[in-house]
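*Asks:* Just dropping this structure here.
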Amino acid sequence: MDSSSNLLQKYSRPVPRYTSYPTVPFWKENIDAGCWKEDFKESFHICNKEEGISLYLHLPFCESLCIYCGCNKKITRNHAVEEEYLQAVVREWRLYLGLMEQAPLIREIHLGGGTPTFFSPANLERLIAAILEDSFVHRDHSFSLEGHPNNTTREHLDRLYAVGFRRISLGVQDLNEEVQQIIRRIQPFENLRRATEDARAAGFTAINFDLIYGLPRQTPDRLRNSILRSVSLRPDRLAFYSYAHTPQLMPSQRLIDDKDLPSASEKLQLYELGKALLAEQGYTNIGMDHFALPGDELYTAWQEGRLHRNFMGYTTRQSRLLLGLGLSAISDTGTAFAQNEKPLANYYQAIAHEELPISKGYFLTAEDNVFRRHILDISCNGRTLFDPAWTPVLEQWTLPMLRELEKDGLVTLDAKGVALTEAGGPFLRHCCKAFDLHLLRNGQAGAAGAIGNSPRGDTAPGSGMHPLFSNAI
């Protein structure tokens, strides 16, 4: 097998994070709204009986620009924008209520952004109250939000706890002051400590930190410091993401000097260091980019083979229907995707006309459903079984890539299926890519479509905003 450095060079290419299949670049503009409504209604009536539905609410506003970020966000310090936006999201929700014909059973709610805690505690509480007003809450529900350590207040946490929220993800990224200055994400460690302690005091039972490696002027010593200070607060889980520098796609990244970025070998060193430090501190590598403490529900689900993956990332709840509300939000019925308008003016205009604000999407074929399942199985369980009915397609497109991965010791392969080896864990997305027929048939296996600096992968349920691709390491 090649050495680690040779493997890095061989596989260090942009690869989707596969929070959807097909990935967003292969979706169609201007999908038939009538067909989408019928698909949504059919999925809703199947899911709403027992498993319930998941909601993603995209709250796009931020007070300042973090230049590494790939989110679909709106930068403003004018908090008067909150009212109009929340009214539009609630009106969109009511349009979907009109399609449901029965009260929805809500299994998951996730507030993402942007910066959800840009909104006042009272406005967030009012938004959730409007969503829950005509709904039932599943007995096994999970409500979560993303928070910025600088502006997540105890009042935010208390009010959201009162309406059922128990999980929060705090964006840390890096704790070195020089790195923070370069990426324009200034947040003292004391703010992170305060937000973490406030969350626990409010009753939150699951806390996640997001960290990024490969940032400008991030050295092994600086990364070590960031990780050790972060884990001193004992978050239940951490996401450890690779920074992908694509200024051609994200103009704000042009403010970063390429000379400040680590080389490929230095980036591998940062990844290996971070992985080792997290293991030493008791965290187990769970799926793609995620680490969890034993006892965390994500860890338990991983052990029991119950992990699920959607636009919100990894989850323990297997709700087939994900409804995205808000600017650029993405919905997933299990058989189709729809993404909302990205320009704020277009989103408001559609809502004003009592129209669903969808701008693009995709209806899955039988082949898509089979290969989507392969990608989900690998992402969540590290293995998948082949369906003999699809052998000709597998032989033409998938097996040549898997055999190459097997040659490098990254997977084990037989007639029944494929499984990642321990060495293959960091290359999980390359195994998924072997089942990405859209990418392979279009000859774009090495082509990038967007950056990879997001907790939610290909594009967040809301976004289009979040990365479609990330470097392998």
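The chains in the structure tokens are called A, B, ... from first to last as shown; in each chain the residues are counted from 1, and the ligands are counted from 1 in the order shown.
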Can you tell me which residues surround A:Leu405 at a distance of at most 12 Å, considering only C-alpha atoms, apart from same-chain residues fewer than 4 positions away, and format the answer as number ranges by chain?

*Replies:* A: 1-2, 7, 10-11, 398-401, 409-413, 418-421, 423-425, 427-434

*Asks:* Using DSSP assignments from the backbone, pull out every residue in stretch 144-233 of chain A that falls under strand (DSSP E or B) and give it to me as a ChimeraX atom specification.

*Replies:* /A:144-147,165-173,206-213

*Asks:* Give me a file of those residues, with N, CA and C atoms, as a PDB file, in the first residue's frame.

*Replies:*
```pdb
ATOM      1  N   SER A 144     -32.937  21.257  18.021  1.00  0.00           N
ATOM      2  CA  SER A 144     -31.555  21.725  18.152  1.00  0.00           C
ATOM      3  C   SER A 144     -31.365  23.053  17.434  1.00  0.00           C
ATOM      4  N   LEU A 145     -30.283  23.744  17.794  1.00  0.00           N
ATOM      5  CA  LEU A 145     -29.958  25.005  17.135  1.00  0.00           C
ATOM      6  C   LEU A 145     -28.449  25.175  17.033  1.00  0.00           C
ATOM      7  N   GLU A 146     -28.066  26.071  16.134  1.00  0.00           N
ATOM      8  CA  GLU A 146     -26.677  26.513  16.034  1.00  0.00           C
ATOM      9  C   GLU A 146     -26.571  27.864  16.740  1.00  0.00           C
ATOM     10  N   GLY A 147     -25.501  28.043  17.490  1.00  0.00           N
ATOM     11  CA  GLY A 147     -25.320  29.297  18.190  1.00  0.00           C
ATOM     12  C   GLY A 147     -23.916  29.840  18.044  1.00  0.00           C
ATOM     13  N   PHE A 165     -36.163  22.523  23.192  1.00  0.00           N
ATOM     14  CA  PHE A 165     -34.807  22.389  22.659  1.00  0.00           C
ATOM     15  C   PHE A 165     -33.872  21.812  23.727  1.00  0.00           C
ATOM     16  N   ARG A 166     -33.042  20.837  23.292  1.00  0.00           N
ATOM     17  CA  ARG A 166     -32.102  20.209  24.208  1.00  0.00           C
ATOM     18  C   ARG A 166     -30.694  20.101  23.620  1.00  0.00           C
ATOM     19  N   ARG A 167     -30.528  20.428  22.347  1.00  0.00           N
ATOM     20  CA  ARG A 167     -29.221  20.301  21.708  1.00  0.00           C
ATOM     21  C   ARG A 167     -28.788  21.639  21.129  1.00  0.00           C
ATOM     22  N   ILE A 168     -27.494  21.934  21.258  1.00  0.00           N
ATOM     23  CA  ILE A 168     -26.943  23.152  20.665  1.00  0.00           C
ATOM     24  C   ILE A 168     -25.571  22.849  20.088  1.00  0.00           C
ATOM     25  N   SER A 169     -25.281  23.460  18.952  1.00  0.00           N
ATOM     26  CA  SER A 169     -23.964  23.364  18.323  1.00  0.00           C
ATOM     27  C   SER A 169     -23.345  24.755  18.298  1.00  0.00           C
ATOM     28  N   LEU A 170     -22.163  24.879  18.884  1.00  0.00           N
ATOM     29  CA  LEU A 170     -21.470  26.164  18.956  1.00  0.00           C
ATOM     30  C   LEU A 170     -20.298  26.177  17.981  1.00  0.00           C
ATOM     31  N   GLY A 171     -20.217  27.230  17.178  1.00  0.00           N
ATOM     32  CA  GLY A 171     -19.135  27.353  16.207  1.00  0.00           C
ATOM     33  C   GLY A 171     -17.859  27.859  16.862  1.00  0.00           C
ATOM     34  N   VAL A 172     -16.880  26.999  17.003  1.00  0.00           N
ATOM     35  CA  VAL A 172     -15.596  27.370  17.605  1.00  0.00           C
ATOM     36  C   VAL A 172     -14.585  27.711  16.513  1.00  0.00           C
ATOM     37  N   GLN A 173     -14.389  26.809  15.579  1.00  0.00           N
ATOM     38  CA  GLN A 173     -13.468  26.919  14.441  1.00  0.00           C
ATOM     39  C   GLN A 173     -12.007  26.885  14.888  1.00  0.00           C
ATOM     40  N   ALA A 206     -27.148  18.021  25.268  1.00  0.00           N
ATOM     41  CA  ALA A 206     -26.191  17.659  24.215  1.00  0.00           C
ATOM     42  C   ALA A 206     -25.582  18.933  23.631  1.00  0.00           C
ATOM     43  N   ILE A 207     -24.261  19.034  23.720  1.00  0.00           N
ATOM     44  CA  ILE A 207     -23.544  20.212  23.229  1.00  0.00           C
ATOM     45  C   ILE A 207     -22.490  19.759  22.233  1.00  0.00           C
ATOM     46  N   ASN A 208     -22.488  20.393  21.072  1.00  0.00           N
ATOM     47  CA  ASN A 208     -21.509  20.105  20.021  1.00  0.00           C
ATOM     48  C   ASN A 208     -20.653  21.340  19.771  1.00  0.00           C
ATOM     49  N   PHE A 209     -19.370  21.130  19.495  1.00  0.00           N
ATOM     50  CA  PHE A 209     -18.485  22.197  19.031  1.00  0.00           C
ATOM     51  C   PHE A 209     -18.059  21.881  17.600  1.00  0.00           C
ATOM     52  N   ASP A 210     -18.000  22.916  16.760  1.00  0.00           N
ATOM     53  CA  ASP A 210     -17.438  22.791  15.413  1.00  0.00           C
ATOM     54  C   ASP A 210     -16.017  23.330  15.409  1.00  0.00           C
ATOM     55  N   LEU A 211     -15.074  22.524  14.912  1.00  0.00           N
ATOM     56  CA  LEU A 211     -13.679  22.935  14.747  1.00  0.00           C
ATOM     57  C   LEU A 211     -13.283  22.736  13.292  1.00  0.00           C
ATOM     58  N   ILE A 212     -12.367  23.574  12.811  1.00  0.00           N
ATOM     59  CA  ILE A 212     -11.889  23.477  11.429  1.00  0.00           C
ATOM     60  C   ILE A 212     -10.372  23.355  11.436  1.00  0.00           C
ATOM     61  N   TYR A 213      -9.839  22.439  10.622  1.00  0.00           N
ATOM     62  CA  TYR A 213      -8.387  22.355  10.447  1.00  0.00           C
ATOM     63  C   TYR A 213      -8.027  22.738   9.012  1.00  0.00           C
TER      64      TYR A 213
END
```

*Asks:* Could you list, as a list in words, every residue within 7 Å of stretch 270-287 of chain A, counting only C-alpha atoms and ignoring same-chain residues fewer than 2 positions away?

*Replies:*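 Listing them by chain and then by number gives Tyr213, Pro220, Glu266, Lys267, Leu268, Asp289, His290, Phe291, Ala292, Leu293, Tyr299, Trp302, Ser379 and Cys380 of chain A.
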
*Asks:* Keeping C-alpha atoms for every residue in the selection just given, could you write it to a file as a PDB file, in the first residue's frame?

*Replies:*
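Contents of part_23.pdb, as written:
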```pdb
ATOM      1  CA  TYR A 213      -8.387  22.355  10.447  1.00  0.00           C
ATOM      2  CA  PRO A 220       0.146  22.009  15.038  1.00  0.00           C
ATOM      3  CA  GLU A 266       0.927  19.875   6.618  1.00  0.00           C
ATOM      4  CA  LYS A 267      -2.852  19.614   6.434  1.00  0.00           C
ATOM      5  CA  LEU A 268      -2.636  15.830   6.796  1.00  0.00           C
ATOM      6  CA  ASP A 289     -15.910  14.357  10.441  1.00  0.00           C
ATOM      7  CA  HIS A 290     -17.710  13.671  13.747  1.00  0.00           C
ATOM      8  CA  PHE A 291     -16.427  12.580  17.164  1.00  0.00           C
ATOM      9  CA  ALA A 292     -18.541  11.706  20.198  1.00  0.00           C
ATOM     10  CA  LEU A 293     -18.118  10.673  23.824  1.00  0.00           C
ATOM     11  CA  TYR A 299     -22.277   7.310  19.784  1.00  0.00           C
ATOM     12  CA  TRP A 302     -23.390   4.451  15.740  1.00  0.00           C
ATOM     13  CA  SER A 379     -21.739   7.267   5.404  1.00  0.00           C
ATOM     14  CA  CYS A 380     -23.554   5.884   8.433  1.00  0.00           C
TER      15      CYS A 380
END
```

*Asks:* Just list the residues in stretch 174-261 of chain A DSSP gives alpha helix (DSSP H) on the backbone, as number ranges by chain.

*Replies:* A: 177-183, 189-202, 220-231

*Asks:* For A:Gly164, which residue out of A:Ile106, A:Ala366, A:Ile378, A:Leu97 is the nearest one, using only C-alpha atoms?

*Replies:* A:Ile106

*Asks:* Can you measure atom CA of A:Glu63 to atom CA of A:Asn78 for me? One decimal in Å is fine.

*Replies:*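 Computed distance, atom CA of A:Glu63 to atom CA of A:Asn78, equals 8.3 Å.
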
*Asks:* Atom CA of A:Leu175 to atom CA of A:Thr219: how many Å, to one decimal?

*Replies:*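 Pair atom CA of A:Leu175 / atom CA of A:Thr219 returns 11.9 Å.
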
*Asks:* Quick one: residues within 10 Å of stretch 385-396 of chain A, only C-alpha atoms counted, chain neighbours fewer than 6 positions away excluded, as JSON, numbers by chain?

*Replies:* {"A": [367, 370, 371, 373, 374, 377, 378, 402, 414, 415, 416, 417, 418, 419, 434, 435, 437]}

*Asks:* Keeping N, CA and C atoms, export the residues of the selection given above as a tab-separated table (two decimals), in the first residue's frame.

*Replies:*
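selection.tsv written:
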```tsv
chain	number	residue	atom	x	y	z
A	367	GLU	N	-32.94	4.12	-10.12
A	367	GLU	CA	-31.48	3.98	-9.98
A	367	GLU	C	-30.95	4.92	-8.90
A	370	VAL	N	-31.51	3.47	-5.41
A	370	VAL	CA	-30.60	2.37	-5.07
A	370	VAL	C	-29.23	2.91	-4.68
A	371	PHE	N	-28.70	3.83	-5.47
A	371	PHE	CA	-27.34	4.30	-5.21
A	371	PHE	C	-27.30	5.32	-4.08
A	373	ARG	N	-29.06	4.82	-1.40
A	373	ARG	CA	-28.99	3.93	-0.25
A	373	ARG	C	-27.57	3.45	-0.01
A	374	HIS	N	-26.83	3.13	-1.08
A	374	HIS	CA	-25.43	2.74	-0.90
A	374	HIS	C	-24.63	3.84	-0.20
A	377	ASP	N	-25.57	4.12	3.46
A	377	ASP	CA	-25.05	3.00	4.24
A	377	ASP	C	-23.56	3.18	4.54
A	378	ILE	N	-22.80	3.63	3.55
A	378	ILE	CA	-21.37	3.85	3.77
A	378	ILE	C	-21.16	5.01	4.73
A	402	LEU	N	-13.73	1.04	-6.55
A	402	LEU	CA	-13.61	0.28	-5.30
A	402	LEU	C	-12.39	-0.63	-5.33
A	414	ASP	N	-15.83	-7.74	-1.68
A	414	ASP	CA	-16.13	-9.08	-2.17
A	414	ASP	C	-17.39	-9.02	-3.01
A	415	ALA	N	-17.91	-10.18	-3.41
A	415	ALA	CA	-19.07	-10.20	-4.31
A	415	ALA	C	-20.32	-9.66	-3.64
A	416	LYS	N	-20.36	-9.68	-2.30
A	416	LYS	CA	-21.56	-9.24	-1.60
A	416	LYS	C	-21.61	-7.74	-1.34
A	417	GLY	N	-20.41	-7.13	-1.15
A	417	GLY	CA	-20.43	-5.71	-0.83
A	417	GLY	C	-19.05	-5.16	-0.53
A	418	VAL	N	-19.02	-3.97	0.09
A	418	VAL	CA	-17.77	-3.29	0.38
A	418	VAL	C	-17.85	-2.72	1.79
A	419	ALA	N	-16.70	-2.68	2.47
A	419	ALA	CA	-16.63	-2.10	3.81
A	419	ALA	C	-15.34	-1.32	3.94
A	434	ALA	N	-17.63	6.43	-5.34
A	434	ALA	CA	-17.67	5.29	-6.27
A	434	ALA	C	-19.11	4.94	-6.66
A	435	PHE	N	-20.09	5.38	-5.87
A	435	PHE	CA	-21.49	5.12	-6.16
A	435	PHE	C	-22.20	6.35	-6.73
A	437	LEU	N	-23.10	7.98	-9.57
A	437	LEU	CA	-23.16	7.78	-11.01
A	437	LEU	C	-23.27	9.09	-11.77
```

*Asks:* Give me, as a count of residues only, all polymer residues having an atom no more than 9 Å from A:Ser20, counting only C-alpha atoms and skipping those fewer than 2 positions away in the same chain.

*Replies:* 15

*Asks:* Nearest residue to A:Ala345 out of A:Glu50, A:Glu84, A:Glu29, A:Asp436, using only C-alpha atoms?

*Replies:* A:Glu84

*Asks:* For A:Leu233, find every residue with an atom within 9 Å (counting only C-alpha atoms), except residues of its own chain fewer than 5 positions away, and show them as a PDB file with N, CA and C atoms, in the first residue's frame.

*Replies:*
```pdb
ATOM      1  N   LEU A 192     -16.929  31.237  24.783  1.00  0.00           N
ATOM      2  CA  LEU A 192     -17.282  29.835  24.550  1.00  0.00           C
ATOM      3  C   LEU A 192     -17.602  29.153  25.881  1.00  0.00           C
ATOM      4  N   ARG A 193     -16.780  29.414  26.895  1.00  0.00           N
ATOM      5  CA  ARG A 193     -17.032  28.829  28.206  1.00  0.00           C
ATOM      6  C   ARG A 193     -18.402  29.275  28.757  1.00  0.00           C
ATOM      7  N   THR A 196     -21.278  27.630  26.893  1.00  0.00           N
ATOM      8  CA  THR A 196     -21.366  26.204  27.236  1.00  0.00           C
ATOM      9  C   THR A 196     -21.965  26.019  28.628  1.00  0.00           C
ATOM     10  N   GLU A 197     -21.472  26.774  29.583  1.00  0.00           N
ATOM     11  CA  GLU A 197     -21.981  26.652  30.951  1.00  0.00           C
ATOM     12  C   GLU A 197     -23.435  27.103  31.042  1.00  0.00           C
TER      13      GLU A 197
END
```

*Asks:* Have a look at A:Trp93, A:Ser242, A:Thr333, A:Arg320 and name the one nearest to A:Glu38; count only C-alpha atoms.

*Replies:* A:Thr333

*Asks:* Of the candidates A:Arg224, A:His308, A:Lys49, A:His353, which one gets nearest to A:Gln102 if we count only C-alpha atoms?

*Replies:*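 Among A:Arg224, A:His308, A:Lys49, A:His353, it is A:Lys49 that comes nearest to A:Gln102.
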